[in-house]
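Q: As input, take target_14.cif (mmCIF, C-alpha atoms and all ligand atoms):
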```
data_upload
loop_
_atom_site.label_atom_id
_atom_site.label_comp_id
_atom_site.auth_asym_id
_atom_site.auth_seq_id
_atom_site.Cartn_x
_atom_site.Cartn_y
_atom_site.Cartn_z
CA MET H 27 21.83 -10.87 11.77
CA LYS H 28 24.11 -8.04 10.96
CA ARG H 29 24.32 -4.85 12.91
CA ARG H 30 25.64 -2.08 10.74
CA PHE H 31 25.73 0.77 13.20
CA SER H 32 27.31 -0.26 16.44
CA PHE H 33 26.19 1.43 19.58
CA LEU H 34 29.76 2.65 19.93
CA LEU H 35 29.38 4.45 16.63
CA SER H 36 26.07 5.94 17.69
CA ALA H 37 27.67 7.04 20.95
CA LEU H 38 30.37 8.79 18.95
CA LEU H 39 27.76 10.39 16.71
CA LEU H 40 25.89 11.56 19.76
CA ALA H 41 29.04 13.01 21.25
CA ALA H 42 29.74 14.75 17.96
CA THR H 43 26.26 16.25 17.70
CA SER H 44 24.32 17.05 20.84
CA PHE H 45 22.50 15.42 23.67
CA ALA H 46 19.22 17.05 22.73
CA HIS H 47 18.09 13.72 21.32
CA ALA H 48 19.54 10.72 23.09
CA ALA H 49 19.07 7.86 20.70
CA SER H 50 20.73 4.62 19.69
CA PHE H 51 20.64 3.59 16.06
CA ALA H 52 20.98 0.06 14.76
CA GLU H 53 20.30 -1.67 11.50
CA TYR H 54 19.33 -5.32 11.41
CA ASP H 55 18.98 -7.90 8.67
CA LEU H 56 16.34 -10.33 9.90
CA SER H 57 14.54 -13.32 8.46
CA ALA H 58 11.13 -12.83 6.84
CA ASP H 59 9.88 -15.82 8.85
CA MET H 60 10.37 -13.86 12.06
CA ASP H 61 7.80 -11.38 10.81
CA ARG H 62 5.22 -14.17 10.46
CA GLN H 63 5.87 -16.12 13.64
CA ALA H 64 3.43 -15.27 16.44
CA VAL H 65 4.77 -15.40 19.99
CA ALA H 66 2.36 -16.24 22.81
CA VAL H 67 2.51 -14.12 25.95
CA GLU H 68 3.66 -17.18 27.93
CA ALA H 69 6.60 -17.68 25.53
CA LEU H 70 7.90 -14.10 25.64
CA PRO H 71 11.58 -13.92 26.66
CA TYR H 72 11.05 -10.93 29.02
CA GLN H 73 8.83 -12.87 31.44
CA SER H 74 9.63 -10.92 34.61
CA TRP H 75 8.23 -7.78 32.98
CA VAL H 76 5.23 -9.73 31.65
CA GLN H 77 4.50 -11.01 35.16
CA ASP H 78 4.79 -7.49 36.53
CA VAL H 79 2.32 -6.13 33.96
CA ARG H 80 -0.07 -9.03 34.58
CA SER H 81 0.02 -8.38 38.31
CA ARG H 82 -1.13 -4.81 37.68
CA VAL H 83 -3.73 -5.02 34.92
CA ASN H 84 -5.73 -7.29 32.62
CA ILE H 85 -3.49 -7.49 29.54
CA ASP H 86 -6.30 -8.17 27.05
CA PRO H 87 -5.66 -5.46 24.41
CA PHE H 88 -9.38 -4.71 24.04
CA PHE H 89 -9.76 -4.36 27.81
CA LEU H 90 -6.88 -1.85 27.77
CA LEU H 91 -8.47 0.09 24.89
CA LYS H 92 -11.85 0.25 26.63
CA ARG H 93 -10.14 1.29 29.87
CA GLN H 94 -8.29 4.15 28.18
CA SER H 95 -11.27 5.19 26.04
CA GLU H 96 -13.06 6.30 29.22
CA PHE H 97 -10.42 9.01 29.64
CA PHE H 98 -11.10 10.29 26.13
CA LYS H 99 -14.87 9.93 26.01
CA LYS H 100 -15.79 13.36 27.34
CA GLY H 101 -12.95 15.64 26.31
CA TRP H 102 -11.78 14.31 22.94
CA PRO H 103 -14.62 13.03 20.73
CA GLU H 104 -12.33 12.93 17.67
CA GLU H 105 -10.00 10.56 19.52
CA TYR H 106 -12.91 8.51 20.80
CA PHE H 107 -13.88 7.84 17.18
CA PHE H 108 -10.64 5.85 16.74
CA PHE H 109 -11.17 3.95 19.98
CA SER H 110 -14.64 2.85 18.93
CA ARG H 111 -13.52 1.79 15.46
CA ILE H 112 -10.65 -0.32 16.79
CA ILE H 113 -12.67 -1.78 19.69
CA ASN H 114 -15.42 -2.73 17.20
CA LYS H 115 -12.79 -4.30 14.91
CA ARG H 116 -13.58 -1.89 12.10
CA MET H 117 -10.06 -0.52 12.02
CA GLY H 118 -6.73 -2.33 12.30
CA THR H 119 -6.03 -5.93 13.26
CA ILE H 120 -4.85 -6.81 16.75
CA ARG H 121 -2.77 -9.98 17.04
CA PRO H 122 -0.08 -11.51 19.28
CA ILE H 123 3.34 -9.87 18.98
CA ASN H 124 5.58 -11.65 16.44
CA ALA H 125 9.20 -12.84 16.64
CA LEU H 126 10.61 -9.86 14.73
CA GLU H 127 8.81 -7.43 17.05
CA VAL H 128 10.00 -9.38 20.12
CA PHE H 129 13.58 -9.11 18.82
CA LEU H 130 13.17 -5.32 18.63
CA MET H 131 11.53 -5.12 22.07
CA LYS H 132 14.56 -6.97 23.47
CA ALA H 133 16.97 -4.62 21.66
CA HIS H 134 15.01 -1.69 23.10
CA ALA H 135 15.06 -3.22 26.60
CA GLU H 136 18.86 -3.38 26.46
CA ILE H 137 18.85 0.42 26.22
CA SER H 138 15.73 1.22 28.26
CA PRO H 139 14.91 -1.56 30.75
CA LEU H 140 11.20 -2.32 30.39
CA GLU H 141 10.56 -2.41 34.13
CA HIS H 142 11.21 1.20 34.95
CA ASN H 143 11.62 3.28 31.83
CA PRO H 144 8.57 3.82 29.69
CA PHE H 145 10.47 4.96 26.59
CA GLU H 146 9.79 4.43 22.93
CA PHE H 147 11.57 2.86 20.02
CA SER H 148 10.90 3.42 16.33
CA ALA H 149 11.53 0.80 13.66
CA ARG H 150 11.25 1.06 9.89
CA ILE H 151 10.70 -2.43 8.48
CA LEU H 152 11.85 -2.64 4.87
CA LYS H 153 11.39 -5.59 2.53
CA LYS H 154 12.86 -6.64 -0.78
CA GLN H 155 12.47 -9.67 -3.03
CA GLU H 156 15.82 -11.06 -4.10
CA GLN H 157 16.23 -14.29 -6.07
CA GLY H 158 12.79 -15.47 -5.02
CA ARG H 159 13.48 -14.78 -1.35
CA GLU H 160 12.01 -12.06 0.80
CA LYS H 161 14.62 -10.07 2.69
CA VAL H 162 13.89 -7.91 5.70
CA LYS H 163 15.90 -5.00 6.98
CA VAL H 164 15.07 -2.89 10.01
CA ILE H 165 16.22 0.64 10.78
CA PHE H 166 15.92 0.90 14.52
CA VAL H 167 16.03 3.87 16.89
CA SER H 168 15.70 3.42 20.62
CA THR H 169 15.46 6.44 22.85
CA THR H 170 16.21 7.25 26.41
CA THR H 171 13.74 10.10 26.31
CA ALA H 172 9.96 9.94 26.50
CA PHE H 173 9.44 10.11 22.73
CA VAL H 174 11.36 9.56 19.52
CA SER H 175 12.32 13.11 18.54
CA ASN H 176 12.06 14.76 15.14
CA ALA H 177 15.86 14.75 14.85
CA ASP H 178 15.89 10.97 15.39
CA VAL H 179 13.20 10.54 12.78
CA GLU H 180 15.18 12.66 10.30
CA ASP H 181 18.24 10.40 10.74
CA SER H 182 16.07 7.35 10.02
CA ASP H 183 14.58 9.10 6.98
CA ARG H 184 18.00 9.69 5.47
CA ARG H 185 19.06 6.05 5.77
CA MET H 186 15.69 4.87 4.49
CA GLU H 187 15.92 7.06 1.40
CA GLU H 188 19.20 5.33 0.52
CA LEU H 189 17.60 1.91 0.90
CA LEU H 190 14.50 2.83 -1.11
CA HIS H 191 16.83 3.81 -3.94
CA GLN H 192 18.34 0.31 -3.69
CA GLY H 193 14.96 -1.30 -4.35
CA TRP H 194 13.69 -1.83 -0.81
CA THR H 195 10.06 -1.03 0.05
CA TYR H 196 8.82 0.52 3.27
CA ALA H 197 6.68 -2.41 4.33
CA ALA H 198 5.84 -1.36 7.88
CA ASP H 199 6.53 1.23 10.53
CA LEU H 200 6.60 -0.07 14.10
CA HIS H 201 6.83 1.67 17.45
CA ASN H 202 5.85 0.76 20.98
CA HIS H 203 3.34 2.20 23.40
CA PRO H 204 4.69 1.66 26.91
CA PHE H 205 2.64 1.40 30.07
CA PHE H 206 2.72 4.37 32.46
CA TRP H 207 1.97 3.13 35.94
CA ASP H 208 2.48 6.42 37.77
CA ASN H 209 0.18 8.65 35.71
CA GLU H 210 -1.81 10.78 38.13
CA THR H 211 -4.93 10.63 35.95
CA GLY H 212 -5.03 6.85 36.20
CA ASP H 213 -4.53 6.40 32.44
CA ILE H 214 -1.87 3.67 32.25
CA ALA H 215 -1.65 3.66 28.40
CA GLY H 216 -0.05 0.58 26.80
CA THR H 217 -2.85 0.78 24.26
CA LEU H 218 -2.81 -0.31 20.61
CA ILE H 219 -4.19 2.84 19.05
CA PRO H 220 -2.45 5.45 16.88
CA SER H 221 -2.11 8.87 18.52
CA PHE H 222 -2.70 12.07 16.56
CA ALA H 223 1.08 12.27 15.97
CA ASP H 224 1.18 8.63 14.85
CA ARG H 225 -1.64 9.15 12.36
CA ARG H 226 0.07 12.21 10.94
CA HIS H 227 3.35 10.26 10.72
CA TYR H 228 1.72 7.34 8.84
CA ARG H 229 0.06 9.68 6.37
CA GLU H 230 3.29 11.52 5.79
CA MET H 231 5.32 8.31 5.40
CA ALA H 232 2.75 6.85 2.99
CA ARG H 233 2.84 10.00 0.89
CA LYS H 234 6.61 10.42 0.89
CA TYR H 235 7.88 6.83 0.97
CA GLY H 236 4.96 4.56 0.11
CA LEU H 237 4.52 3.17 3.63
CA LYS H 238 2.15 0.18 3.48
CA GLU H 239 1.43 -0.65 7.11
CA GLY H 240 1.57 1.00 10.53
CA ARG H 241 2.18 -1.14 13.61
CA ILE H 242 2.10 -0.40 17.32
CA THR H 243 3.09 -2.92 19.95
CA ASN H 244 2.91 -2.84 23.74
CA GLY H 245 5.33 -5.77 24.00
CA LEU H 246 2.49 -8.28 24.33
CA HIS H 247 0.22 -7.65 21.34
CA THR H 248 0.49 -5.60 18.16
CA ILE H 249 -2.00 -3.66 16.07
CA SER H 250 -1.52 -3.61 12.32
CA LEU H 251 -3.03 -0.68 10.42
CA SER H 252 -3.25 -0.94 6.64
CA ASN H 253 -2.92 1.95 4.25
CA LYS H 254 -6.70 1.61 3.81
CA ASP H 255 -6.99 2.54 7.48
CA PHE H 256 -4.75 5.54 6.78
CA THR H 257 -7.57 7.10 4.72
CA PHE H 258 -9.37 7.81 8.02
CA PHE H 259 -6.34 9.71 9.29
CA LYS H 260 -7.25 13.24 8.34
ZN ZN B 301 2.40 6.15 19.16
#
```
Please render this file's structure as structure tokens.

A:
Amino acid sequence: MKRRFSFLLSALLLAATSFAHAASFAEYDLSADMDRQAVAVEALPYQSWVQDVRSRVNIDPFFLLKRQSEFFKKGWPEEYFFFSRIINKRMGTIRPINALEVFLMKAHAEISPLEHNPFEFSARILKKQEQGREKVKVIFVSTTTAFVSNADVEDSDRRMEELLHQGWTYAADLHNHPFFWDNETGDIAGTLIPSFADRRHYREMARKYGLKEGRITNGLHTISLSNKDFTFFK
């Protein structure tokens, strides 16, 4: 595992630019096996957070989707369409989080502790066949703000363009959907469903860079959306 951009470097870059987007960049070379190895909830390394989540809510991803869909049912029929498709297993595939995604959740937790800071990370997962072996590289951005900003995304885009020119493919785009325990409406989120912004992002990334798969994790489970699913993202 090689980390190209140290956090020191990103701190210097931040100091040199502005604090409008507080982000940490890293680049990881990971094994392709990690992206195939499912990790059971009981085996997750961040167990104290898992126990905390479990003490608050049923962590079944379909329970969480149904719970949140009630908040969207009346006001946002276009969003409810996506809830019903995913709940009825007609869009995306929900599975346990895998070892590569756990690695990134841990890297994110080093910057934004999972317990108290519901912040997002963004990861571009790139793959390349070399001498019969599949290589995996991840461009990773972890934020200390509520969302990954456009400026952060643009920095990732630039690095990815370099890698695409070197024969890598944009295999998957991963980000997390944290839980929000203090939301006044009662919507705690943590759901495996692409938001309007996510759907627009996937469409754009597929068009510009040939993105094949969109993934969202809540740290426990992950949804995988294929580029066939993207055709519903108008
Ligand atoms: Zn999202």

Q: Taking into account all atoms listed in the file, which residue in the set H:Leu70, H:Ile120, H:Ala232, H:Ala133 is nearest to Ala197 of chain H?

A: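 Distance minimum relative to Ala197 of chain H lands on H:Ala232.
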
Q: With only C-alpha atoms as the basis for distance, which of H:Phe166, H:Trp75, H:Phe97, H:Trp207 is at the shortest distance from Ser182 of chain H?

A: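 The closest residue to Ser182 of chain H is H:Phe166.
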
Q: Please identify all protein, DNA and RNA residues within 10 Å of ligand ZN 301 (chain B), counting only C-alpha atoms and all ligand atoms, and report them as a PyMOL selection string.

A: chain H and resi 146-148+173-174+200-204+216-225+227+241-243

Q: Suppose we keep C-alpha atoms; can you now write the selection as a short mmCIF file (atom, residue, chain, number, x, y, z; two decimals), keeping the file's coordinate frame?

A:
```
data_model
loop_
_atom_site.label_atom_id
_atom_site.label_comp_id
_atom_site.auth_asym_id
_atom_site.auth_seq_id
_atom_site.Cartn_x
_atom_site.Cartn_y
_atom_site.Cartn_z
CA GLU H 146 9.79 4.43 22.93
CA PHE H 147 11.57 2.86 20.02
CA SER H 148 10.90 3.42 16.33
CA PHE H 173 9.44 10.11 22.73
CA VAL H 174 11.36 9.56 19.52
CA LEU H 200 6.60 -0.07 14.10
CA HIS H 201 6.83 1.67 17.45
CA ASN H 202 5.85 0.76 20.98
CA HIS H 203 3.34 2.20 23.40
CA PRO H 204 4.69 1.66 26.91
CA GLY H 216 -0.05 0.58 26.80
CA THR H 217 -2.85 0.78 24.26
CA LEU H 218 -2.81 -0.31 20.61
CA ILE H 219 -4.19 2.84 19.05
CA PRO H 220 -2.45 5.45 16.88
CA SER H 221 -2.11 8.87 18.52
CA PHE H 222 -2.70 12.07 16.56
CA ALA H 223 1.08 12.27 15.97
CA ASP H 224 1.18 8.63 14.85
CA ARG H 225 -1.64 9.15 12.36
CA HIS H 227 3.35 10.26 10.72
CA ARG H 241 2.18 -1.14 13.61
CA ILE H 242 2.10 -0.40 17.32
CA THR H 243 3.09 -2.92 19.95
#
```

Q: Which residues, protein or nucleic acid, reach to within 10 Å of (3.6, -12.9, 18.0) in the file's coordinates when using all atoms listed in the file, and can you give that as a list in words?

A: Met60, Asp61, Arg62, Gln63, Ala64, Val65, Ala66, Val67, Ala69, Leu70, Arg121, Pro122, Ile123, Asn124, Ala125, Leu126, Glu127, Val128, Gly245, Leu246, His247 and Thr248 of chain H

Q: For atom CA of Ile113 of chain H and atom CA of Glu96 of chain H, quote the distance in Å rounded to one decimal.

A: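 Separating atom CA of Ile113 of chain H from atom CA of Glu96 of chain H is a distance of 12.5 Å.
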
Q: I need every residue sitting at most 10 Å from the point (15.9, 6.5, 14.0) (coordinates as in the file, only C-alpha atoms considered), written as a list in words.

A: Ala49, Ser50, Phe51, Ala52, Glu53, Phe147, Ser148, Ala149, Arg150, Ile165, Phe166, Val167, Ser168, Thr169, Val174, Ser175, Asn176, Ala177, Asp178, Val179, Glu180, Asp181, Ser182, Asp183, Arg184, Arg185 and Met186 of chain H

Q: Select, from H:Arg229, H:His142, H:His134, H:Lys161, the residue with the minimum atom-to-atom distance to Phe206 of chain H, counting all atoms listed in the file.

A: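 Ranking H:Arg229, H:His142, H:His134, H:Lys161 by distance to Phe206 of chain H, first place goes to H:His142.
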
Q: What does the distance between atom CA of Glu187 of chain H and atom CA of Lys132 of chain H come to in Å, to one decimal place?

A: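 A separation of 26.2 Å between them.
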
Q: When you look at Lys115 of chain H with a cut-off of 12 Å (counting only C-alpha atoms), what residues show up, excluding the ones that are within fewer than 5 positions of it in the same chain? I need them as a list in words.

A: Pro87, Phe88, Leu91, Phe108, Phe109, Ser110, Ile120, Arg121, Ile219, Ile249, Ser250, Leu251 and Asp255 of chain H

Q: Quick one: distance from atom CA of Ser57 of chain H to atom CA of Gly193 of chain H in Å, one decimal?

A: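 About the pair atom CA of Ser57 of chain H and atom CA of Gly193 of chain H: they are 17.6 Å apart.
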
Q: Here is a test: counting all atoms listed in the file, which residue of H:Glu105, H:Asp199, H:Glu188, H:Glu141 is nearest to Val164 of chain H?

A: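 Using all atoms listed in the file, the shortest distance to Val164 of chain H belongs to H:Asp199.
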
Q: Which residue out of H:Ala215, H:Val76, H:Met117, H:Met131 has the minimum interatomic distance to Phe89 of chain H when only C-alpha atoms are used?

A: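 For Phe89 of chain H, the nearest of the given residues is H:Ala215.
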
Q: With distances taken over all atoms listed in the file, which residue among H:Gln192, H:Thr211, H:Asn114, H:Asn84 lies nearest Lys154 of chain H?

A: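 Answer, going by the shortest atom-to-atom distance: H:Gln192.
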